[in-house]
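One structure is given below, encoded as structure tokens.
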Amino acid sequence: GVRTAGHIGVDALVKLAPAGVQRVIAIIACLFCLGYAGLLTVASFEWIQTLFIANIGAEDLGHVGVKQWHIGLIVPVGFAMVFIRFGEIFVRLLRKQQIGLGLADEAAEATRLSEHEGPKP
């Protein structure tokens with residue numbers, strides 16, 4: 001979702017609004033994304049702490065010393081990276097360096113793709 005932005009219909013609808021309104025919508029959406037990523041970073045870190053304390057070996061890899069928390073560590077790390085990405089976007093929105101989330105423009109991309117395909121038989 002972070003890479004490809006949101007729903008194409010929502011993207012097209014937001015693009016109809018004036019630039020100032022688009023920016024406000026982007027700030028609100030970014031705050032929700034920061035909250036979500038922050039919440040899941042903390043919750044998944046607590047989950048990893050529990051796995052660390054339990055010290056359970058990973059299925060099929062436990063015999064070489066790999067634990068479940070080693071594998072699961074990607075979850076809090078990934079959500080922390082998402083949080084950082086939305087933090088960067090939020091700062092750019094506040095500095096008026098961008099209007100929207102700037103992740104992708106699915107409506108424009110879909111239009112561009114349909115133009116290149118040409119008429120269908």
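Residue numbering restarts at 1 in every chain; chains get A, B, ... in the order shown in the structure tokens, and ligands count up from 1 in that same order.
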What's the 9 Å shell around A:Leu51, counting only C-alpha atoms, without same-chain residues fewer than 4 positions away, as a PyMOL selection string?
-> chain A and resi 46-47+55-56+67-69+72
Selected residues written out, all heavy atoms, as a compact mmCIF listing (two decimals), in the first residue's frame:
```
# COMPACT_ATOMS: atom_id res chain seq x y z
N GLU A 46 6.75 -5.87 20.92
CA GLU A 46 6.34 -6.59 22.13
C GLU A 46 6.17 -8.08 21.83
O GLU A 46 6.51 -8.93 22.65
CB GLU A 46 5.05 -6.00 22.69
CG GLU A 46 5.26 -4.61 23.28
CD GLU A 46 3.96 -3.92 23.67
OE1 GLU A 46 2.87 -4.50 23.44
OE2 GLU A 46 4.05 -2.80 24.19
N TRP A 47 5.65 -8.40 20.66
CA TRP A 47 5.51 -9.80 20.22
C TRP A 47 6.89 -10.45 20.11
O TRP A 47 7.09 -11.59 20.56
CB TRP A 47 4.77 -9.82 18.89
CG TRP A 47 4.72 -11.13 18.18
CD1 TRP A 47 4.16 -12.30 18.62
CD2 TRP A 47 5.27 -11.43 16.91
NE1 TRP A 47 4.32 -13.30 17.68
CE2 TRP A 47 5.00 -12.77 16.61
CE3 TRP A 47 5.96 -10.67 15.95
CZ2 TRP A 47 5.40 -13.39 15.43
CZ3 TRP A 47 6.34 -11.27 14.77
CH2 TRP A 47 6.06 -12.61 14.52
N ASN A 55 12.10 -18.33 23.67
CA ASN A 55 13.28 -18.98 23.10
C ASN A 55 12.93 -20.25 22.30
O ASN A 55 13.56 -21.29 22.43
CB ASN A 55 14.29 -19.30 24.20
CG ASN A 55 15.68 -19.55 23.63
OD1 ASN A 55 16.06 -18.98 22.60
ND2 ASN A 55 16.44 -20.40 24.28
N ILE A 56 11.91 -20.14 21.47
CA ILE A 56 11.44 -21.27 20.67
C ILE A 56 12.21 -21.32 19.36
O ILE A 56 12.35 -20.31 18.67
CB ILE A 56 9.92 -21.15 20.39
CG1 ILE A 56 9.14 -21.06 21.70
CG2 ILE A 56 9.43 -22.29 19.53
CD1 ILE A 56 7.70 -20.66 21.52
N LYS A 67 16.00 -19.09 15.80
CA LYS A 67 14.83 -18.98 16.68
C LYS A 67 13.69 -18.26 15.95
O LYS A 67 13.91 -17.55 14.96
CB LYS A 67 15.19 -18.20 17.95
CG LYS A 67 16.37 -18.77 18.72
CD LYS A 67 16.02 -20.10 19.32
CE LYS A 67 17.19 -20.62 20.14
NZ LYS A 67 16.97 -21.98 20.58
N GLN A 68 12.49 -18.42 16.46
CA GLN A 68 11.33 -17.76 15.84
C GLN A 68 11.48 -16.24 15.86
O GLN A 68 11.08 -15.56 14.92
CB GLN A 68 10.04 -18.18 16.54
CG GLN A 68 9.58 -19.55 16.13
CD GLN A 68 8.20 -19.87 16.69
OE1 GLN A 68 7.60 -19.09 17.41
NE2 GLN A 68 7.72 -21.06 16.37
N TRP A 69 12.07 -15.69 16.91
CA TRP A 69 12.20 -14.25 16.99
C TRP A 69 13.17 -13.72 15.94
O TRP A 69 13.02 -12.57 15.49
CB TRP A 69 12.59 -13.78 18.39
CG TRP A 69 13.99 -14.06 18.81
CD1 TRP A 69 14.45 -15.16 19.47
CD2 TRP A 69 15.12 -13.21 18.62
NE1 TRP A 69 15.79 -15.07 19.69
CE2 TRP A 69 16.23 -13.87 19.18
CE3 TRP A 69 15.31 -11.97 18.03
CZ2 TRP A 69 17.51 -13.32 19.17
CZ3 TRP A 69 16.58 -11.41 18.02
CH2 TRP A 69 17.67 -12.09 18.59
N GLY A 72 10.88 -13.42 12.90
CA GLY A 72 9.84 -12.42 13.13
C GLY A 72 10.33 -11.00 13.27
O GLY A 72 9.55 -10.05 13.19
```
Within 10 Å of stretch 27-38 of chain A using only C-alpha atoms, minus same-chain residues under 3 positions, as a PDB file with all heavy atoms, in the first residue's frame:
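Below you can see result-v8.pdb, which holds the result:
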```
ATOM      1  N   VAL A   2       1.976   1.215   0.667  1.00  0.00           N
ATOM      2  CA  VAL A   2       2.845   2.391   0.727  1.00  0.00           C
ATOM      3  C   VAL A   2       3.460   2.659  -0.636  1.00  0.00           C
ATOM      4  O   VAL A   2       3.556   3.792  -1.083  1.00  0.00           O
ATOM      5  CB  VAL A   2       3.958   2.211   1.787  1.00  0.00           C
ATOM      6  CG1 VAL A   2       4.942   3.354   1.741  1.00  0.00           C
ATOM      7  CG2 VAL A   2       3.343   2.090   3.161  1.00  0.00           C
ATOM      8  N   VAL A  21      -6.675  21.659  -0.689  1.00  0.00           N
ATOM      9  CA  VAL A  21      -7.489  20.603  -0.090  1.00  0.00           C
ATOM     10  C   VAL A  21      -6.765  19.263  -0.215  1.00  0.00           C
ATOM     11  O   VAL A  21      -6.776  18.455   0.721  1.00  0.00           O
ATOM     12  CB  VAL A  21      -8.884  20.552  -0.758  1.00  0.00           C
ATOM     13  CG1 VAL A  21      -9.691  19.373  -0.241  1.00  0.00           C
ATOM     14  CG2 VAL A  21      -9.634  21.858  -0.532  1.00  0.00           C
ATOM     15  N   GLN A  22      -6.116  19.039  -1.354  1.00  0.00           N
ATOM     16  CA  GLN A  22      -5.335  17.809  -1.536  1.00  0.00           C
ATOM     17  C   GLN A  22      -4.264  17.703  -0.460  1.00  0.00           C
ATOM     18  O   GLN A  22      -4.033  16.634   0.099  1.00  0.00           O
ATOM     19  CB  GLN A  22      -4.668  17.787  -2.912  1.00  0.00           C
ATOM     20  CG  GLN A  22      -5.596  17.527  -4.060  1.00  0.00           C
ATOM     21  CD  GLN A  22      -4.858  17.460  -5.379  1.00  0.00           C
ATOM     22  OE1 GLN A  22      -3.710  17.005  -5.444  1.00  0.00           O
ATOM     23  NE2 GLN A  22      -5.501  17.922  -6.439  1.00  0.00           N
ATOM     24  N   ARG A  23      -3.616  18.831  -0.164  1.00  0.00           N
ATOM     25  CA  ARG A  23      -2.555  18.844   0.845  1.00  0.00           C
ATOM     26  C   ARG A  23      -3.107  18.512   2.228  1.00  0.00           C
ATOM     27  O   ARG A  23      -2.521  17.738   2.985  1.00  0.00           O
ATOM     28  CB  ARG A  23      -1.866  20.205   0.850  1.00  0.00           C
ATOM     29  CG  ARG A  23      -0.646  20.271   1.709  1.00  0.00           C
ATOM     30  CD  ARG A  23       0.087  21.612   1.489  1.00  0.00           C
ATOM     31  NE  ARG A  23       0.962  21.820   2.608  1.00  0.00           N
ATOM     32  CZ  ARG A  23       0.600  22.424   3.740  1.00  0.00           C
ATOM     33  NH1 ARG A  23      -0.610  22.905   3.872  1.00  0.00           N
ATOM     34  NH2 ARG A  23       1.448  22.552   4.731  1.00  0.00           N
ATOM     35  N   VAL A  24      -4.268  19.087   2.576  1.00  0.00           N
ATOM     36  CA  VAL A  24      -4.898  18.815   3.874  1.00  0.00           C
ATOM     37  C   VAL A  24      -5.279  17.336   3.973  1.00  0.00           C
ATOM     38  O   VAL A  24      -5.033  16.688   4.994  1.00  0.00           O
ATOM     39  CB  VAL A  24      -6.136  19.721   4.096  1.00  0.00           C
ATOM     40  CG1 VAL A  24      -6.946  19.276   5.299  1.00  0.00           C
ATOM     41  CG2 VAL A  24      -5.704  21.171   4.236  1.00  0.00           C
ATOM     42  N   THR A  41       4.493  -1.060  14.955  1.00  0.00           N
ATOM     43  CA  THR A  41       5.914  -1.202  15.319  1.00  0.00           C
ATOM     44  C   THR A  41       6.030  -1.600  16.786  1.00  0.00           C
ATOM     45  O   THR A  41       6.727  -2.554  17.135  1.00  0.00           O
ATOM     46  CB  THR A  41       6.680   0.109  15.065  1.00  0.00           C
ATOM     47  OG1 THR A  41       6.614   0.426  13.675  1.00  0.00           O
ATOM     48  CG2 THR A  41       8.142  -0.013  15.477  1.00  0.00           C
ATOM     49  N   VAL A  42       5.331  -0.875  17.645  1.00  0.00           N
ATOM     50  CA  VAL A  42       5.391  -1.147  19.088  1.00  0.00           C
ATOM     51  C   VAL A  42       4.798  -2.521  19.407  1.00  0.00           C
ATOM     52  O   VAL A  42       5.401  -3.314  20.137  1.00  0.00           O
ATOM     53  CB  VAL A  42       4.662  -0.033  19.881  1.00  0.00           C
ATOM     54  CG1 VAL A  42       4.510  -0.413  21.349  1.00  0.00           C
ATOM     55  CG2 VAL A  42       5.417   1.287  19.743  1.00  0.00           C
ATOM     56  N   ALA A  43       3.624  -2.815  18.845  1.00  0.00           N
ATOM     57  CA  ALA A  43       2.963  -4.092  19.128  1.00  0.00           C
ATOM     58  C   ALA A  43       3.802  -5.272  18.643  1.00  0.00           C
ATOM     59  O   ALA A  43       3.939  -6.280  19.346  1.00  0.00           O
ATOM     60  CB  ALA A  43       1.583  -4.124  18.473  1.00  0.00           C
ATOM     61  N   SER A  44       4.378  -5.156  17.461  1.00  0.00           N
ATOM     62  CA  SER A  44       5.176  -6.273  16.948  1.00  0.00           C
ATOM     63  C   SER A  44       6.490  -6.405  17.710  1.00  0.00           C
ATOM     64  O   SER A  44       7.005  -7.512  17.872  1.00  0.00           O
ATOM     65  CB  SER A  44       5.419  -6.132  15.445  1.00  0.00           C
ATOM     66  OG  SER A  44       6.121  -4.947  15.152  1.00  0.00           O
ATOM     67  N   PRO A  76       8.723  -5.798  13.110  1.00  0.00           N
ATOM     68  CA  PRO A  76       8.912  -4.459  13.687  1.00  0.00           C
ATOM     69  C   PRO A  76       9.902  -3.607  12.887  1.00  0.00           C
ATOM     70  O   PRO A  76       9.731  -2.393  12.790  1.00  0.00           O
ATOM     71  CB  PRO A  76       9.413  -4.733  15.108  1.00  0.00           C
ATOM     72  CG  PRO A  76       9.895  -6.127  15.113  1.00  0.00           C
ATOM     73  CD  PRO A  76       9.131  -6.849  14.054  1.00  0.00           C
ATOM     74  N   GLY A  78      10.328  -3.700   9.618  1.00  0.00           N
ATOM     75  CA  GLY A  78       9.584  -3.237   8.439  1.00  0.00           C
ATOM     76  C   GLY A  78       8.626  -2.107   8.775  1.00  0.00           C
ATOM     77  O   GLY A  78       8.560  -1.106   8.056  1.00  0.00           O
ATOM     78  N   PHE A  79       7.881  -2.248   9.865  1.00  0.00           N
ATOM     79  CA  PHE A  79       6.953  -1.185  10.238  1.00  0.00           C
ATOM     80  C   PHE A  79       7.691   0.069  10.694  1.00  0.00           C
ATOM     81  O   PHE A  79       7.211   1.186  10.467  1.00  0.00           O
ATOM     82  CB  PHE A  79       5.956  -1.661  11.297  1.00  0.00           C
ATOM     83  CG  PHE A  79       4.790  -2.389  10.702  1.00  0.00           C
ATOM     84  CD1 PHE A  79       4.628  -3.744  10.914  1.00  0.00           C
ATOM     85  CD2 PHE A  79       3.864  -1.723   9.918  1.00  0.00           C
ATOM     86  CE1 PHE A  79       3.559  -4.420  10.354  1.00  0.00           C
ATOM     87  CE2 PHE A  79       2.787  -2.388   9.351  1.00  0.00           C
ATOM     88  CZ  PHE A  79       2.636  -3.744   9.570  1.00  0.00           C
ATOM     89  N   ALA A  80       8.851  -0.079  11.312  1.00  0.00           N
ATOM     90  CA  ALA A  80       9.657   1.097  11.665  1.00  0.00           C
ATOM     91  C   ALA A  80      10.101   1.828  10.400  1.00  0.00           C
ATOM     92  O   ALA A  80      10.098   3.065  10.348  1.00  0.00           O
ATOM     93  CB  ALA A  80      10.867   0.680  12.501  1.00  0.00           C
ATOM     94  N   MET A  81      10.449   1.073   9.368  1.00  0.00           N
ATOM     95  CA  MET A  81      10.843   1.692   8.100  1.00  0.00           C
ATOM     96  C   MET A  81       9.661   2.409   7.443  1.00  0.00           C
ATOM     97  O   MET A  81       9.817   3.498   6.877  1.00  0.00           O
ATOM     98  CB  MET A  81      11.440   0.639   7.168  1.00  0.00           C
ATOM     99  CG  MET A  81      12.793   0.139   7.653  1.00  0.00           C
ATOM    100  SD  MET A  81      13.415  -1.296   6.767  1.00  0.00           S
ATOM    101  CE  MET A  81      13.580  -0.688   5.116  1.00  0.00           C
ATOM    102  N   VAL A  82       8.475   1.822   7.524  1.00  0.00           N
ATOM    103  CA  VAL A  82       7.269   2.475   7.003  1.00  0.00           C
ATOM    104  C   VAL A  82       7.020   3.772   7.775  1.00  0.00           C
ATOM    105  O   VAL A  82       6.699   4.812   7.188  1.00  0.00           O
ATOM    106  CB  VAL A  82       6.048   1.533   7.097  1.00  0.00           C
ATOM    107  CG1 VAL A  82       4.751   2.273   6.832  1.00  0.00           C
ATOM    108  CG2 VAL A  82       6.205   0.372   6.139  1.00  0.00           C
ATOM    109  N   PHE A  83       7.182   3.735   9.090  1.00  0.00           N
ATOM    110  CA  PHE A  83       7.004   4.924   9.923  1.00  0.00           C
ATOM    111  C   PHE A  83       7.976   6.025   9.496  1.00  0.00           C
ATOM    112  O   PHE A  83       7.592   7.190   9.353  1.00  0.00           O
ATOM    113  CB  PHE A  83       7.201   4.576  11.406  1.00  0.00           C
ATOM    114  CG  PHE A  83       6.912   5.730  12.324  1.00  0.00           C
ATOM    115  CD1 PHE A  83       5.622   5.962  12.779  1.00  0.00           C
ATOM    116  CD2 PHE A  83       7.928   6.575  12.731  1.00  0.00           C
ATOM    117  CE1 PHE A  83       5.351   7.029  13.620  1.00  0.00           C
ATOM    118  CE2 PHE A  83       7.668   7.644  13.565  1.00  0.00           C
ATOM    119  CZ  PHE A  83       6.377   7.881  14.015  1.00  0.00           C
ATOM    120  N   ILE A  84       9.225   5.664   9.278  1.00  0.00           N
ATOM    121  CA  ILE A  84      10.237   6.639   8.841  1.00  0.00           C
ATOM    122  C   ILE A  84       9.851   7.236   7.491  1.00  0.00           C
ATOM    123  O   ILE A  84       9.939   8.446   7.281  1.00  0.00           O
ATOM    124  CB  ILE A  84      11.633   5.994   8.791  1.00  0.00           C
ATOM    125  CG1 ILE A  84      12.112   5.693  10.213  1.00  0.00           C
ATOM    126  CG2 ILE A  84      12.627   6.882   8.058  1.00  0.00           C
ATOM    127  CD1 ILE A  84      13.327   4.785  10.282  1.00  0.00           C
ATOM    128  N   ARG A  85       9.392   6.388   6.568  1.00  0.00           N
ATOM    129  CA  ARG A  85       8.990   6.856   5.236  1.00  0.00           C
ATOM    130  C   ARG A  85       7.846   7.863   5.331  1.00  0.00           C
ATOM    131  O   ARG A  85       7.879   8.916   4.699  1.00  0.00           O
ATOM    132  CB  ARG A  85       8.593   5.663   4.369  1.00  0.00           C
ATOM    133  CG  ARG A  85       8.037   6.042   3.020  1.00  0.00           C
ATOM    134  CD  ARG A  85       9.149   6.592   2.110  1.00  0.00           C
ATOM    135  NE  ARG A  85       8.596   6.843   0.801  1.00  0.00           N
ATOM    136  CZ  ARG A  85       8.584   8.034   0.212  1.00  0.00           C
ATOM    137  NH1 ARG A  85       9.121   9.073   0.818  1.00  0.00           N
ATOM    138  NH2 ARG A  85       8.064   8.193  -0.981  1.00  0.00           N
ATOM    139  N   PHE A  86       6.833   7.555   6.138  1.00  0.00           N
ATOM    140  CA  PHE A  86       5.719   8.493   6.289  1.00  0.00           C
ATOM    141  C   PHE A  86       6.150   9.735   7.077  1.00  0.00           C
ATOM    142  O   PHE A  86       5.604  10.814   6.871  1.00  0.00           O
ATOM    143  CB  PHE A  86       4.509   7.820   6.925  1.00  0.00           C
ATOM    144  CG  PHE A  86       3.675   7.080   5.931  1.00  0.00           C
ATOM    145  CD1 PHE A  86       3.620   5.699   5.939  1.00  0.00           C
ATOM    146  CD2 PHE A  86       2.952   7.757   4.969  1.00  0.00           C
ATOM    147  CE1 PHE A  86       2.855   5.012   5.006  1.00  0.00           C
ATOM    148  CE2 PHE A  86       2.188   7.079   4.030  1.00  0.00           C
ATOM    149  CZ  PHE A  86       2.138   5.702   4.049  1.00  0.00           C
ATOM    150  N   GLY A  87       7.123   9.605   7.963  1.00  0.00           N
ATOM    151  CA  GLY A  87       7.677  10.776   8.652  1.00  0.00           C
ATOM    152  C   GLY A  87       8.325  11.723   7.662  1.00  0.00           C
ATOM    153  O   GLY A  87       8.142  12.952   7.741  1.00  0.00           O
ATOM    154  N   ILE A  89       7.566  11.982   4.464  1.00  0.00           N
ATOM    155  CA  ILE A  89       6.471  12.561   3.675  1.00  0.00           C
ATOM    156  C   ILE A  89       5.780  13.663   4.472  1.00  0.00           C
ATOM    157  O   ILE A  89       5.482  14.742   3.939  1.00  0.00           O
ATOM    158  CB  ILE A  89       5.466  11.469   3.253  1.00  0.00           C
ATOM    159  CG1 ILE A  89       6.116  10.511   2.261  1.00  0.00           C
ATOM    160  CG2 ILE A  89       4.200  12.086   2.669  1.00  0.00           C
ATOM    161  CD1 ILE A  89       5.304   9.251   1.990  1.00  0.00           C
ATOM    162  N   PHE A  90       5.537  13.409   5.763  1.00  0.00           N
ATOM    163  CA  PHE A  90       4.863  14.387   6.616  1.00  0.00           C
ATOM    164  C   PHE A  90       5.652  15.690   6.683  1.00  0.00           C
ATOM    165  O   PHE A  90       5.081  16.785   6.568  1.00  0.00           O
ATOM    166  CB  PHE A  90       4.640  13.789   8.012  1.00  0.00           C
ATOM    167  CG  PHE A  90       3.806  14.648   8.906  1.00  0.00           C
ATOM    168  CD1 PHE A  90       2.456  14.821   8.639  1.00  0.00           C
ATOM    169  CD2 PHE A  90       4.353  15.262  10.013  1.00  0.00           C
ATOM    170  CE1 PHE A  90       1.665  15.613   9.462  1.00  0.00           C
ATOM    171  CE2 PHE A  90       3.572  16.051  10.837  1.00  0.00           C
ATOM    172  CZ  PHE A  90       2.222  16.235  10.569  1.00  0.00           C
ATOM    173  N   VAL A  91       6.958  15.603   6.856  1.00  0.00           N
ATOM    174  CA  VAL A  91       7.803  16.801   6.900  1.00  0.00           C
ATOM    175  C   VAL A  91       7.719  17.551   5.573  1.00  0.00           C
ATOM    176  O   VAL A  91       7.591  18.778   5.546  1.00  0.00           O
ATOM    177  CB  VAL A  91       9.268  16.429   7.249  1.00  0.00           C
ATOM    178  CG1 VAL A  91      10.203  17.605   7.034  1.00  0.00           C
ATOM    179  CG2 VAL A  91       9.353  15.933   8.687  1.00  0.00           C
ATOM    180  N   ARG A  92       7.774  16.813   4.452  1.00  0.00           N
ATOM    181  CA  ARG A  92       7.678  17.456   3.138  1.00  0.00           C
ATOM    182  C   ARG A  92       6.314  18.123   2.945  1.00  0.00           C
ATOM    183  O   ARG A  92       6.235  19.194   2.346  1.00  0.00           O
ATOM    184  CB  ARG A  92       7.941  16.444   2.029  1.00  0.00           C
ATOM    185  CG  ARG A  92       9.403  15.980   1.964  1.00  0.00           C
ATOM    186  CD  ARG A  92       9.641  14.975   0.842  1.00  0.00           C
ATOM    187  NE  ARG A  92       9.281  15.486  -0.453  1.00  0.00           N
ATOM    188  CZ  ARG A  92      10.032  16.291  -1.212  1.00  0.00           C
ATOM    189  NH1 ARG A  92      11.217  16.666  -0.777  1.00  0.00           N
ATOM    190  NH2 ARG A  92       9.610  16.699  -2.390  1.00  0.00           N
ATOM    191  N   LEU A  93       5.254  17.523   3.458  1.00  0.00           N
ATOM    192  CA  LEU A  93       3.927  18.135   3.372  1.00  0.00           C
ATOM    193  C   LEU A  93       3.872  19.422   4.192  1.00  0.00           C
ATOM    194  O   LEU A  93       3.336  20.438   3.734  1.00  0.00           O
ATOM    195  CB  LEU A  93       2.852  17.164   3.862  1.00  0.00           C
ATOM    196  CG  LEU A  93       2.512  15.997   2.946  1.00  0.00           C
ATOM    197  CD1 LEU A  93       1.668  14.965   3.688  1.00  0.00           C
ATOM    198  CD2 LEU A  93       1.791  16.479   1.702  1.00  0.00           C
ATOM    199  N   LEU A  94       4.425  19.396   5.393  1.00  0.00           N
ATOM    200  CA  LEU A  94       4.416  20.586   6.247  1.00  0.00           C
ATOM    201  C   LEU A  94       5.264  21.712   5.660  1.00  0.00           C
ATOM    202  O   LEU A  94       4.942  22.888   5.818  1.00  0.00           O
ATOM    203  CB  LEU A  94       4.902  20.236   7.650  1.00  0.00           C
ATOM    204  CG  LEU A  94       3.975  19.324   8.463  1.00  0.00           C
ATOM    205  CD1 LEU A  94       4.593  19.042   9.830  1.00  0.00           C
ATOM    206  CD2 LEU A  94       2.591  19.920   8.598  1.00  0.00           C
ATOM    207  N   ILE A  99       2.331  18.088  -2.475  1.00  0.00           N
ATOM    208  CA  ILE A  99       0.904  18.287  -2.203  1.00  0.00           C
ATOM    209  C   ILE A  99       0.278  17.016  -1.643  1.00  0.00           C
ATOM    210  O   ILE A  99      -0.358  17.021  -0.617  1.00  0.00           O
ATOM    211  CB  ILE A  99       0.159  18.722  -3.482  1.00  0.00           C
ATOM    212  CG1 ILE A  99       0.652  20.098  -3.917  1.00  0.00           C
ATOM    213  CG2 ILE A  99      -1.340  18.757  -3.250  1.00  0.00           C
ATOM    214  CD1 ILE A  99       0.125  20.558  -5.247  1.00  0.00           C
ATOM    215  N   GLY A 100       0.470  15.896  -2.333  1.00  0.00           N
ATOM    216  CA  GLY A 100      -0.121  14.628  -1.902  1.00  0.00           C
ATOM    217  C   GLY A 100       0.900  13.763  -1.194  1.00  0.00           C
ATOM    218  O   GLY A 100       1.996  14.213  -0.861  1.00  0.00           O
ATOM    219  N   LEU A 101       0.529  12.514  -1.012  1.00  0.00           N
ATOM    220  CA  LEU A 101       1.459  11.590  -0.365  1.00  0.00           C
ATOM    221  C   LEU A 101       2.655  11.298  -1.250  1.00  0.00           C
ATOM    222  O   LEU A 101       3.693  10.866  -0.778  1.00  0.00           O
ATOM    223  CB  LEU A 101       0.753  10.290   0.035  1.00  0.00           C
ATOM    224  CG  LEU A 101      -0.274  10.425   1.159  1.00  0.00           C
ATOM    225  CD1 LEU A 101      -0.890   9.074   1.470  1.00  0.00           C
ATOM    226  CD2 LEU A 101       0.344  11.024   2.404  1.00  0.00           C
TER     227      LEU A 101
END
```
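Interatomic distance, atom CA of A:Asp60 against atom CA of A:Val75: 20.2 Å.
Put simply, atom CA of A:Ile53 is 19.8 Å away from atom CA of A:Leu40.
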Atom CA of A:Glu88 to atom CA of A:Leu16: how many Å, to one decimal?
-> 24.9 Å
